[in-house]
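Text of run.tsv (TSV, C-alpha atoms) as supplied:
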chain	number	residue	atom	x	y	z
N	984	MET	CA	97.61	74.03	100.91
N	985	THR	CA	97.82	72.24	97.59
N	986	ASN	CA	99.77	69.36	96.15
N	987	MET	CA	100.86	71.28	93.07
N	988	ALA	CA	104.61	71.36	92.62
N	989	LYS	CA	104.70	74.14	90.06
N	990	THR	CA	104.55	77.58	91.63
N	991	ILE	CA	104.98	81.10	90.34
N	992	ASP	CA	105.82	83.87	92.82
N	993	PHE	CA	104.14	87.07	91.68
N	994	TYR	CA	105.59	90.14	93.41
N	995	PHE	CA	102.72	92.55	93.43
N	996	ASP	CA	101.59	96.09	94.24
N	997	PHE	CA	98.28	97.63	93.18
N	998	ALA	CA	100.27	100.77	92.27
N	999	SER	CA	101.60	99.30	89.03
N	1000	PRO	CA	99.43	99.24	85.89
N	1001	ASN	CA	101.63	96.44	84.58
N	1002	CYS	CA	100.80	94.41	87.71
N	1003	TYR	CA	97.13	94.80	86.78
N	1004	LEU	CA	97.83	93.65	83.24
N	1005	ALA	CA	99.89	90.67	84.38
N	1006	ALA	CA	97.21	89.74	86.91
N	1007	GLN	CA	94.65	89.49	84.09
N	1008	VAL	CA	96.75	87.13	81.96
N	1009	LEU	CA	98.91	85.03	84.28
N	1010	PRO	CA	96.08	83.03	85.92
N	1011	GLY	CA	95.00	81.59	82.57
N	1012	MET	CA	98.57	80.63	81.73
N	1013	ALA	CA	99.11	79.08	85.16
N	1014	ASN	CA	95.87	77.15	84.85
N	1015	GLU	CA	96.90	75.69	81.49
N	1016	ILE	CA	100.10	74.25	82.89
N	1017	GLY	CA	98.77	73.35	86.34
N	1018	ALA	CA	100.82	75.92	88.20
N	1019	GLU	CA	99.90	77.84	91.33
N	1020	ILE	CA	100.40	81.61	91.61
N	1021	ILE	CA	101.60	82.87	94.96
N	1022	ILE	CA	100.94	86.58	95.42
N	1023	ARG	CA	103.85	88.28	97.21
N	1024	PRO	CA	102.78	91.73	98.41
N	1025	VAL	CA	105.61	94.29	98.34
N	1026	LEU	CA	105.57	98.06	98.41
N	1027	LEU	CA	106.71	99.33	95.02
N	1028	GLY	CA	107.74	102.67	96.51
N	1029	GLY	CA	109.90	100.80	99.02
N	1030	VAL	CA	111.50	98.75	96.24
N	1031	PHE	CA	112.32	101.93	94.31
N	1032	LYS	CA	113.76	103.59	97.42
N	1033	ALA	CA	115.94	100.58	98.30
N	1034	THR	CA	117.27	100.15	94.76
N	1035	ASN	CA	117.54	103.81	93.78
N	1036	ASN	CA	115.03	103.13	90.99
N	1037	GLN	CA	112.07	105.23	89.87
N	1038	ALA	CA	108.70	104.69	88.25
N	1039	PRO	CA	109.08	104.81	84.43
N	1040	MET	CA	106.68	107.78	84.49
N	1041	GLN	CA	109.31	109.70	86.45
N	1042	ALA	CA	112.52	108.15	85.10
N	1043	PHE	CA	111.57	108.78	81.49
N	1044	ALA	CA	109.50	111.94	81.91
N	1045	ASN	CA	112.01	113.92	79.86
N	1046	VAL	CA	112.90	111.23	77.31
N	1047	LYS	CA	111.19	112.03	74.01
N	1048	GLY	CA	109.07	109.15	72.76
N	1049	LYS	CA	109.68	106.68	75.59
N	1050	LEU	CA	106.47	107.04	77.61
N	1051	ALA	CA	104.37	107.24	74.44
N	1052	TYR	CA	105.91	103.92	73.39
N	1053	ASP	CA	105.24	102.38	76.82
N	1054	MET	CA	101.60	103.39	76.44
N	1055	LEU	CA	101.53	101.90	72.93
N	1056	GLU	CA	102.78	98.58	74.33
N	1057	ILE	CA	100.11	98.73	77.05
N	1058	ARG	CA	97.47	99.25	74.35
N	1059	ARG	CA	98.85	96.36	72.30
N	1060	PHE	CA	98.80	94.15	75.39
N	1061	THR	CA	95.21	95.03	76.26
N	1062	GLU	CA	94.09	94.49	72.67
N	1063	ARG	CA	95.91	91.16	72.36
N	1064	HIS	CA	94.36	89.86	75.57
N	1065	GLY	CA	90.95	91.51	75.26
N	1066	LEU	CA	91.37	93.73	78.31
N	1067	SER	CA	89.13	96.52	77.13
N	1068	ALA	CA	88.20	97.59	80.67
N	1069	PHE	CA	91.71	98.83	81.41
N	1070	GLN	CA	92.32	102.53	81.79
N	1071	MET	CA	95.09	104.58	83.33
N	1072	ASN	CA	94.05	106.01	86.69
N	1073	PRO	CA	93.58	109.80	86.60
N	1074	ASN	CA	94.77	109.90	90.23
N	1075	PHE	CA	98.09	108.19	89.32
N	1076	PRO	CA	100.44	107.87	91.14
N	1077	ILE	CA	98.49	106.54	94.10
N	1078	ASN	CA	99.92	105.80	97.53
N	1079	THR	CA	99.04	102.14	98.05
N	1080	LEU	CA	100.50	101.69	101.53
N	1081	GLY	CA	97.10	101.23	103.14
N	1082	LEU	CA	95.83	98.96	100.37
N	1083	MET	CA	98.94	96.79	100.51
N	1084	ARG	CA	98.88	96.43	104.28
N	1085	ALA	CA	95.23	95.38	104.12
N	1086	LEU	CA	96.11	92.90	101.35
N	1087	ILE	CA	98.37	91.12	103.82
N	1088	ALA	CA	95.45	91.06	106.25
N	1089	ALA	CA	93.23	89.69	103.45
N	1090	GLN	CA	95.72	86.91	102.80
N	1091	GLU	CA	95.50	85.98	106.47
N	1092	THR	CA	91.70	85.86	106.49
N	1093	GLY	CA	91.40	84.02	103.17
N	1094	GLU	CA	89.88	86.96	101.30
N	1095	GLU	CA	92.88	87.46	99.01
N	1096	LYS	CA	91.26	86.76	95.66
N	1097	ALA	CA	88.17	88.92	96.08
N	1098	TYR	CA	90.31	91.66	97.61
N	1099	ILE	CA	92.79	91.74	94.73
N	1100	ASP	CA	90.09	91.59	92.06
N	1101	ALA	CA	88.16	94.47	93.57
N	1102	GLY	CA	91.30	96.49	94.33
N	1103	LEU	CA	92.60	96.14	90.78
N	1104	LYS	CA	89.20	97.01	89.29
N	1105	GLY	CA	89.02	100.16	91.41
N	1106	MET	CA	92.57	101.13	90.46
N	1107	TRP	CA	92.79	100.23	86.78
N	1108	GLU	CA	89.26	99.98	85.43
N	1109	GLU	CA	87.25	102.51	87.40
N	1110	GLY	CA	89.82	105.25	88.00
N	1111	LEU	CA	89.06	105.49	91.73
N	1112	ALA	CA	91.27	107.37	94.20
N	1113	MET	CA	92.17	104.11	95.94
N	1114	GLY	CA	94.84	105.82	98.03
N	1115	ASP	CA	91.96	107.27	100.07
N	1116	PRO	CA	91.06	104.60	102.68
N	1117	GLU	CA	87.36	105.50	102.59
N	1118	VAL	CA	87.21	105.17	98.79
N	1119	ALA	CA	89.16	101.91	98.94
N	1120	LYS	CA	87.03	100.41	101.69
N	1121	ALA	CA	83.81	101.33	99.91
N	1122	ARG	CA	85.00	99.68	96.67
N	1123	LEU	CA	86.18	96.54	98.47
N	1124	ALA	CA	82.97	96.28	100.50
N	1125	LYS	CA	81.01	96.39	97.24
N	1126	ALA	CA	82.79	93.14	96.32
N	1127	GLY	CA	81.74	91.49	99.58
N	1128	VAL	CA	85.11	91.96	101.27
N	1129	ASP	CA	84.99	92.90	104.97
N	1130	ALA	CA	87.10	95.96	104.28
N	1131	GLU	CA	86.58	97.67	107.64
N	1132	ALA	CA	87.89	94.64	109.50
N	1133	LEU	CA	90.81	94.18	107.12
N	1134	PHE	CA	91.93	97.80	107.31
N	1135	GLU	CA	91.68	97.65	111.10
N	1136	ARG	CA	93.67	94.42	111.19
N	1137	SER	CA	96.23	95.95	108.83
N	1138	GLN	CA	97.13	98.54	111.47
N	1139	THR	CA	98.82	95.97	113.72
N	1140	PRO	CA	102.61	96.26	114.08
N	1141	GLU	CA	102.91	92.69	112.75
N	1142	VAL	CA	101.23	93.47	109.42
N	1143	LYS	CA	103.13	96.73	109.02
N	1144	GLN	CA	106.42	95.01	109.72
N	1145	LYS	CA	105.62	92.11	107.41
N	1146	LEU	CA	105.19	94.44	104.43
N	1147	ILE	CA	108.50	96.14	105.27
N	1148	ASP	CA	110.30	92.83	105.72
N	1149	ASP	CA	108.85	91.18	102.62
N	1150	THR	CA	109.81	94.21	100.54
N	1151	ALA	CA	113.39	94.02	101.88
N	1152	VAL	CA	113.56	90.28	101.08
N	1153	ALA	CA	112.31	90.98	97.55
N	1154	VAL	CA	115.08	93.55	97.03
N	1155	ASP	CA	117.61	91.04	98.38
N	1156	ARG	CA	116.33	88.59	95.76
N	1157	GLY	CA	117.20	91.10	93.04
N	1158	ILE	CA	113.86	92.84	92.51
N	1159	PHE	CA	114.03	96.46	91.33
N	1160	GLY	CA	110.53	96.95	89.91
N	1161	LEU	CA	107.14	95.29	89.39
N	1162	PRO	CA	105.68	93.03	88.25
N	1163	THR	CA	108.44	90.54	88.97
N	1164	PHE	CA	108.01	86.78	88.94
N	1165	PHE	CA	110.10	83.95	90.32
N	1166	VAL	CA	109.98	80.33	89.25
N	1167	GLY	CA	112.32	78.65	91.70
N	1168	GLU	CA	115.38	80.90	91.71
N	1169	GLU	CA	114.75	82.26	88.21
N	1170	MET	CA	113.63	85.88	88.14
N	1171	PHE	CA	111.56	87.52	85.41
N	1172	PHE	CA	110.74	91.24	85.26
N	1173	GLY	CA	107.86	92.84	83.44
N	1174	LYS	CA	104.73	91.87	81.56
N	1175	GLU	CA	106.95	91.26	78.50
N	1176	ARG	CA	108.27	88.12	80.20
N	1177	LEU	CA	105.00	86.27	80.86
N	1178	ASP	CA	105.69	83.72	78.13
N	1179	GLN	CA	109.07	83.01	79.69
N	1180	VAL	CA	107.45	82.68	83.12
N	1181	ARG	CA	104.98	80.16	81.74
N	1182	ASP	CA	107.72	78.17	79.99
N	1183	ALA	CA	109.90	78.15	83.11
N	1184	ALA	CA	106.99	77.04	85.30
N	1185	GLU	CA	106.02	74.34	82.82
N	1186	GLU	CA	109.54	72.91	82.91
N	1187	SER	CA	109.83	73.20	86.70
C	1191	MET	CA	115.17	95.54	44.24
C	1192	THR	CA	112.83	92.76	45.20
C	1193	ASN	CA	109.20	91.98	44.68
C	1194	MET	CA	108.58	91.18	48.32
C	1195	ALA	CA	105.85	93.25	49.88
C	1196	LYS	CA	106.70	92.44	53.47
C	1197	THR	CA	109.47	94.61	54.84
C	1198	ILE	CA	110.94	95.16	58.28
C	1199	ASP	CA	112.90	98.36	58.93
C	1200	PHE	CA	115.71	97.57	61.37
C	1201	TYR	CA	117.19	100.73	62.91
C	1202	PHE	CA	120.73	99.75	63.65
C	1203	ASP	CA	124.02	100.81	65.23
C	1204	PHE	CA	126.97	98.50	65.90
C	1205	ALA	CA	127.25	100.17	69.34
C	1206	SER	CA	124.30	98.25	70.79
C	1207	PRO	CA	124.75	94.65	72.00
C	1208	ASN	CA	121.02	94.18	71.59
C	1209	CYS	CA	121.37	95.17	67.91
C	1210	TYR	CA	123.88	92.35	67.57
C	1211	LEU	CA	121.50	89.91	69.22
C	1212	ALA	CA	118.55	90.99	67.09
C	1213	ALA	CA	120.70	90.76	63.95
C	1214	GLN	CA	121.41	87.10	64.71
C	1215	VAL	CA	117.75	86.14	65.08
C	1216	LEU	CA	115.68	88.42	62.86
C	1217	PRO	CA	116.96	87.12	59.48
C	1218	GLY	CA	115.72	83.60	60.25
C	1219	MET	CA	112.33	84.93	61.28
C	1220	ALA	CA	112.11	87.15	58.19
C	1221	ASN	CA	113.08	84.25	55.96
C	1222	GLU	CA	110.33	82.04	57.41
C	1223	ILE	CA	107.63	84.56	56.56
C	1224	GLY	CA	109.15	85.83	53.31
C	1225	ALA	CA	109.93	89.30	54.62
C	1226	GLU	CA	112.83	91.56	53.69
C	1227	ILE	CA	114.91	93.35	56.32
C	1228	ILE	CA	115.97	96.88	55.49
C	1229	ILE	CA	118.91	98.04	57.60
C	1230	ARG	CA	118.50	101.67	58.63
C	1231	PRO	CA	121.81	103.02	59.95
C	1232	VAL	CA	121.40	105.61	62.71
C	1233	LEU	CA	123.82	106.90	65.31
C	1234	LEU	CA	122.69	105.66	68.73
C	1235	GLY	CA	124.55	108.47	70.46
C	1236	GLY	CA	122.70	110.95	68.27
C	1237	VAL	CA	119.35	109.33	69.11
C	1238	PHE	CA	120.14	109.56	72.82
C	1239	LYS	CA	121.18	113.20	72.52
C	1240	ALA	CA	118.07	114.17	70.55
C	1241	THR	CA	115.67	112.37	72.92
C	1242	ASN	CA	117.46	113.09	76.21
C	1243	ASN	CA	117.86	109.34	76.66
C	1244	GLN	CA	120.92	107.41	77.86
C	1245	ALA	CA	122.41	103.97	77.39
C	1246	PRO	CA	120.97	101.56	80.00
C	1247	MET	CA	124.53	101.09	81.26
C	1248	GLN	CA	124.53	104.76	82.24
C	1249	ALA	CA	120.86	105.32	83.06
C	1250	PHE	CA	120.73	102.38	85.46
C	1251	ALA	CA	124.32	102.45	86.74
C	1252	ASN	CA	123.11	103.25	90.25
C	1253	VAL	CA	119.95	101.11	90.27
C	1254	LYS	CA	120.58	98.00	92.35
C	1255	GLY	CA	119.86	94.82	90.42
C	1256	LYS	CA	118.81	96.36	87.09
C	1257	LEU	CA	121.96	95.87	85.01
C	1258	ALA	CA	122.52	92.40	86.47
C	1259	TYR	CA	119.02	91.52	85.30
C	1260	ASP	CA	119.63	92.98	81.84
C	1261	MET	CA	122.71	90.76	81.58
C	1262	LEU	CA	120.67	87.75	82.72
C	1263	GLU	CA	118.17	88.41	79.93
C	1264	ILE	CA	121.04	88.69	77.44
C	1265	ARG	CA	122.35	85.30	78.64
C	1266	ARG	CA	118.87	83.77	78.35
C	1267	PHE	CA	118.54	85.17	74.84
C	1268	THR	CA	121.92	83.81	73.71
C	1269	GLU	CA	121.16	80.40	75.24
C	1270	ARG	CA	117.70	80.24	73.70
C	1271	HIS	CA	119.05	81.06	70.24
C	1272	GLY	CA	122.38	79.25	70.48
C	1273	LEU	CA	124.47	82.41	70.25
C	1274	SER	CA	127.44	81.12	72.23
C	1275	ALA	CA	129.94	83.38	70.44
C	1276	PHE	CA	128.47	86.54	71.99
C	1277	GLN	CA	130.49	88.41	74.56
C	1278	MET	CA	130.33	91.92	75.93
C	1279	ASN	CA	133.05	94.11	74.48
C	1280	PRO	CA	135.75	95.02	77.05
C	1281	ASN	CA	136.16	98.35	75.23
C	1282	PHE	CA	132.47	99.24	75.72
C	1283	PRO	CA	131.23	101.89	75.10
C	1284	ILE	CA	132.72	102.28	71.65
C	1285	ASN	CA	132.38	105.34	69.43
C	1286	THR	CA	130.86	103.91	66.25
C	1287	LEU	CA	130.69	107.13	64.24
C	1288	GLY	CA	133.36	105.96	61.76
C	1289	LEU	CA	131.89	102.46	61.51
C	1290	MET	CA	128.41	103.78	60.89
C	1291	ARG	CA	129.47	106.27	58.24
C	1292	ALA	CA	131.32	103.52	56.43
C	1293	LEU	CA	128.22	101.29	56.72
C	1294	ILE	CA	126.35	103.84	54.65
C	1295	ALA	CA	129.17	103.69	52.10
C	1296	ALA	CA	128.96	99.88	52.18
C	1297	GLN	CA	125.22	100.05	51.47
C	1298	GLU	CA	126.01	102.18	48.42
C	1299	THR	CA	128.62	99.76	47.07
C	1300	GLY	CA	126.59	96.62	47.77
C	1301	GLU	CA	128.88	95.34	50.52
C	1302	GLU	CA	126.33	95.79	53.30
C	1303	LYS	CA	125.92	92.18	54.38
C	1304	ALA	CA	129.61	91.26	54.62
C	1305	TYR	CA	130.32	94.61	56.30
C	1306	ILE	CA	127.65	94.17	58.98
C	1307	ASP	CA	128.57	90.55	59.66
C	1308	ALA	CA	132.26	91.37	60.10
C	1309	GLY	CA	131.58	94.54	62.07
C	1310	LEU	CA	129.26	92.75	64.48
C	1311	LYS	CA	131.69	89.87	64.94
C	1312	GLY	CA	134.50	92.29	65.75
C	1313	MET	CA	132.31	94.18	68.20
C	1314	TRP	CA	130.35	91.45	69.96
C	1315	GLU	CA	132.24	88.20	69.47
C	1316	GLU	CA	135.90	89.17	69.35
C	1317	GLY	CA	136.00	92.13	71.74
C	1318	LEU	CA	137.92	94.34	69.32
C	1319	ALA	CA	138.35	98.09	69.79
C	1320	MET	CA	136.26	98.79	66.72
C	1321	GLY	CA	136.15	102.51	67.48
C	1322	ASP	CA	139.75	102.62	66.26
C	1323	PRO	CA	139.57	102.99	62.44
C	1324	GLU	CA	142.71	100.89	61.91
C	1325	VAL	CA	141.34	98.03	64.03
C	1326	ALA	CA	137.99	98.27	62.28
C	1327	LYS	CA	139.46	98.36	58.79
C	1328	ALA	CA	141.72	95.38	59.50
C	1329	ARG	CA	138.79	93.32	60.78
C	1330	LEU	CA	136.58	94.26	57.82
C	1331	ALA	CA	139.33	93.58	55.30
C	1332	LYS	CA	139.71	90.09	56.81
C	1333	ALA	CA	136.12	89.47	55.68
C	1334	GLY	CA	136.90	90.55	52.13
C	1335	VAL	CA	135.38	94.01	52.48
C	1336	ASP	CA	137.27	96.84	50.78
C	1337	ALA	CA	137.50	98.72	54.07
C	1338	GLU	CA	140.02	101.34	52.97
C	1339	ALA	CA	137.82	102.43	50.10
C	1340	LEU	CA	134.68	102.45	52.25
C	1341	PHE	CA	136.23	104.51	55.03
C	1342	GLU	CA	137.56	106.96	52.45
C	1343	ARG	CA	134.17	107.19	50.75
C	1344	SER	CA	132.53	107.65	54.18
C	1345	GLN	CA	134.39	110.95	54.65
C	1346	THR	CA	132.33	112.71	51.98
C	1347	PRO	CA	129.97	115.44	53.19
C	1348	GLU	CA	127.08	113.50	51.61
C	1349	VAL	CA	127.66	110.37	53.70
C	1350	LYS	CA	128.22	112.38	56.89
C	1351	GLN	CA	125.04	114.36	56.31
C	1352	LYS	CA	123.02	111.24	55.46
C	1353	LEU	CA	123.81	109.68	58.84
C	1354	ILE	CA	122.81	112.91	60.60
C	1355	ASP	CA	119.62	113.25	58.57
C	1356	ASP	CA	118.58	109.61	58.89
C	1357	THR	CA	119.12	109.77	62.65
C	1358	ALA	CA	116.91	112.87	62.84
C	1359	VAL	CA	114.20	111.18	60.78
C	1360	ALA	CA	114.35	108.15	63.09
C	1361	VAL	CA	113.83	110.39	66.12
C	1362	ASP	CA	110.92	112.07	64.33
C	1363	ARG	CA	109.42	108.60	63.84
C	1364	GLY	CA	109.48	108.09	67.62
C	1365	ILE	CA	112.74	106.21	68.08
C	1366	PHE	CA	114.51	106.72	71.44
C	1367	GLY	CA	116.83	103.67	71.51
C	1368	LEU	CA	117.99	100.62	69.56
C	1369	PRO	CA	117.23	98.14	68.22
C	1370	THR	CA	113.98	99.54	66.91
C	1371	PHE	CA	111.90	97.99	64.15
C	1372	PHE	CA	109.11	99.31	61.99
C	1373	VAL	CA	106.57	97.26	60.08
C	1374	GLY	CA	104.67	99.88	58.11
C	1375	GLU	CA	103.92	102.56	60.68
C	1376	GLU	CA	104.06	100.17	63.65
C	1377	MET	CA	107.11	100.65	65.87
C	1378	PHE	CA	108.68	97.99	68.07
C	1379	PHE	CA	111.55	98.62	70.49
C	1380	GLY	CA	113.98	96.06	71.83
C	1381	LYS	CA	114.96	92.45	71.30
C	1382	GLU	CA	112.00	91.49	73.53
C	1383	ARG	CA	109.67	92.45	70.68
C	1384	LEU	CA	111.04	90.25	67.88
C	1385	ASP	CA	108.05	87.90	68.05
C	1386	GLN	CA	105.73	90.88	67.68
C	1387	VAL	CA	107.81	92.16	64.75
C	1388	ARG	CA	107.50	88.79	63.02
C	1389	ASP	CA	103.75	88.62	63.65
C	1390	ALA	CA	103.23	92.16	62.39
C	1391	ALA	CA	105.31	91.51	59.27
C	1392	GLU	CA	103.48	88.27	58.61
C	1393	GLU	CA	100.13	90.05	58.71
C	1394	SER	CA	101.37	92.98	56.62
Give the structure from this file in structure tokens form.
Amino acid sequence: MTNMAKTIDFYFDFASPNCYLAAQVLPGMANEIGAEIIIRPVLLGGVFKATNNQAPMQAFANVKGKLAYDMLEIRRFTERHGLSAFQMNPNFPINTLGLMRALIAAQETGEEKAYIDAGLKGMWEEGLAMGDPEVAKARLAKAGVDAEALFERSQTPEVKQKLIDDTAVAVDRGIFGLPTFFVGEEMFFGKERLDQVRDAAEES
Amino acid sequence: MTNMAKTIDFYFDFASPNCYLAAQVLPGMANEIGAEIIIRPVLLGGVFKATNNQAPMQAFANVKGKLAYDMLEIRRFTERHGLSAFQMNPNFPINTLGLMRALIAAQETGEEKAYIDAGLKGMWEEGLAMGDPEVAKARLAKAGVDAEALFERSQTPEVKQKLIDDTAVAVDRGIFGLPTFFVGEEMFFGKERLDQVRDAAEES
């Protein structure tokens, strides 16, 4: 609980490289303007299924030049923000269902920050096969997270249902991809909109 | 001919609302940093065909939320830049082949600026059926452009071939949609990248 009035909802799935990139930059912006980031775990695959959308990697697989340009913009973003540790994951795409369920458990036990940091590092800096629960748990445990307990807790019907429900609510709000941000009722999609998110939060 | 070293290539087709929006904002940015904009006419339909791409309106027709969000970002852009005259064209999509050929003729006769201003107004402020040569010529003539002569000149094999060739060269450069900008060899796609275009031009 905090007294801060300014909040930014960050709809998040480890599966998205652009969620990693946004997660590296948004905290500094939020800090500057005294805003709080609220991580909203949703399953990107579920969002795509509900909206009939696809990952850019699939949607634009046959469009000459498009994915090369997306990668160029990722490189520009990492250079601009000094994110030299970033690398695409050779195991991409990765099924993050287990990781996302356990993130909800981590939010409940207060381990959210360490969990997200370690999960993102494993996914988008170290190229680990984080869709494999044993690989994921080992990486999280290395960061001091009680991964065994979280993954066990994440198997409860309540956690499973919460991820389903929160994903459905996100789609009802208009979300079709990630990262998506809300400031009040204002929605912003993509890492290209971080400046707008900051401005909207500052004025909120 | 100018002595300015800083140039921004603006790959352009009247067919794209985002080309209209960029055309309203980029000149002010270029002026601030002493850069020259070079309009590069290409046929958006030809770019799509060569790259296997589609207009967002088609590509995302069945993706829940996506086009509504694109329209929201257009509204934000027009509000931010005071572009209250903008409106989607009820005749969209419009075949701009005739308009684009005559733009090449207008570049040759030195009428480029008046031609583009009037063409964009007809398309994206006044909702005219600018794919109809008579409608287009009437609107252009109203702006003092010798539309009859330009449309006649645009029927030469040289002009027709130039639009085909320039579109092919654009695709070879990596272009898959519009608006696209180049500063030197650096490519930028979309109205979301205008700040990056300005920064790149300023440093060039």
Residues near Lys1311 in chain C, cut-off 9 Å, all atoms listed in the file, skip fewer than 3 positions along chain, as a ChimeraX atom specification: /C:1210,1275-1276,1306-1308,1314-1318,1329
Surrounding residues of Ala1225 in chain C excluding itself and chain neighbours under 3 positions, 6 Å, only C-alpha atoms, as a list in words: Lys1196, Thr1197 and Ala1220 of chain C
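The residue that comes closest to Ile1087 in chain N, out of N:Tyr1052, N:Phe1031, N:Phe1159, N:Phe1134 and on the basis of all atoms listed in the file, is N:Phe1134.
If you look at CA of Gly1048 in chain N and CA of Glu1263 in chain C, they are 23.8 Å away from each other.
Among C:Glu1393, C:Glu1324, C:Glu1375, C:Asp1203, the residue with the shortest atom-to-atom distance to Arg1291 in chain C, counting only C-alpha atoms, is C:Asp1203.
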Residue hits in chain N, query chain C, radius 7 Å, all atoms listed in the file, as a VMD selection string: chain N and resid 1034 to 1036 1045 to 1049 1157 to 1159
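We find CA of Ala1205 in chain C and CA of Leu1234 in chain C to be spaced 7.2 Å apart.
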Using all atoms listed in the file: which of C:Leu1368, C:Ala1304, C:Met1313, C:Ala1212 has the shortest distance to Asn1279 in chain C: C:Met1313
Missing atoms in range 1380-1391 of chain C: fill them in up to N, CA and C atoms and send the result as a PDB file, in the coordinates of the input.
ATOM      1  N   GLY C1380     113.288  97.025  70.975  1.00  0.00           N
ATOM      2  CA  GLY C1380     113.980  96.060  71.830  1.00  0.00           C
ATOM      3  C   GLY C1380     113.925  94.636  71.323  1.00  0.00           C
ATOM      4  N   LYS C1381     114.905  93.851  71.728  1.00  0.00           N
ATOM      5  CA  LYS C1381     114.960  92.450  71.300  1.00  0.00           C
ATOM      6  C   LYS C1381     113.806  91.645  71.891  1.00  0.00           C
ATOM      7  N   GLU C1382     113.169  92.165  72.944  1.00  0.00           N
ATOM      8  CA  GLU C1382     112.000  91.490  73.530  1.00  0.00           C
ATOM      9  C   GLU C1382     110.812  91.477  72.583  1.00  0.00           C
ATOM     10  N   ARG C1383     110.853  92.282  71.536  1.00  0.00           N
ATOM     11  CA  ARG C1383     109.670  92.450  70.680  1.00  0.00           C
ATOM     12  C   ARG C1383     109.801  91.737  69.348  1.00  0.00           C
ATOM     13  N   LEU C1384     110.817  90.889  69.192  1.00  0.00           N
ATOM     14  CA  LEU C1384     111.040  90.250  67.880  1.00  0.00           C
ATOM     15  C   LEU C1384     109.853  89.392  67.453  1.00  0.00           C
ATOM     16  N   ASP C1385     109.221  88.705  68.411  1.00  0.00           N
ATOM     17  CA  ASP C1385     108.050  87.900  68.050  1.00  0.00           C
ATOM     18  C   ASP C1385     106.923  88.791  67.521  1.00  0.00           C
ATOM     19  N   GLN C1386     106.758  89.945  68.146  1.00  0.00           N
ATOM     20  CA  GLN C1386     105.730  90.880  67.680  1.00  0.00           C
ATOM     21  C   GLN C1386     106.081  91.418  66.294  1.00  0.00           C
ATOM     22  N   VAL C1387     107.369  91.674  66.065  1.00  0.00           N
ATOM     23  CA  VAL C1387     107.810  92.160  64.750  1.00  0.00           C
ATOM     24  C   VAL C1387     107.462  91.121  63.681  1.00  0.00           C
ATOM     25  N   ARG C1388     107.798  89.867  63.980  1.00  0.00           N
ATOM     26  CA  ARG C1388     107.500  88.790  63.020  1.00  0.00           C
ATOM     27  C   ARG C1388     106.000  88.709  62.749  1.00  0.00           C
ATOM     28  N   ASP C1389     105.204  88.723  63.823  1.00  0.00           N
ATOM     29  CA  ASP C1389     103.750  88.620  63.650  1.00  0.00           C
ATOM     30  C   ASP C1389     103.217  89.786  62.818  1.00  0.00           C
ATOM     31  N   ALA C1390     103.705  90.987  63.127  1.00  0.00           N
ATOM     32  CA  ALA C1390     103.230  92.160  62.390  1.00  0.00           C
ATOM     33  C   ALA C1390     103.627  92.073  60.910  1.00  0.00           C
ATOM     34  N   ALA C1391     104.852  91.626  60.657  1.00  0.00           N
ATOM     35  CA  ALA C1391     105.310  91.510  59.270  1.00  0.00           C
ATOM     36  C   ALA C1391     104.517  90.440  58.527  1.00  0.00           C
TER      37      ALA C1391
END
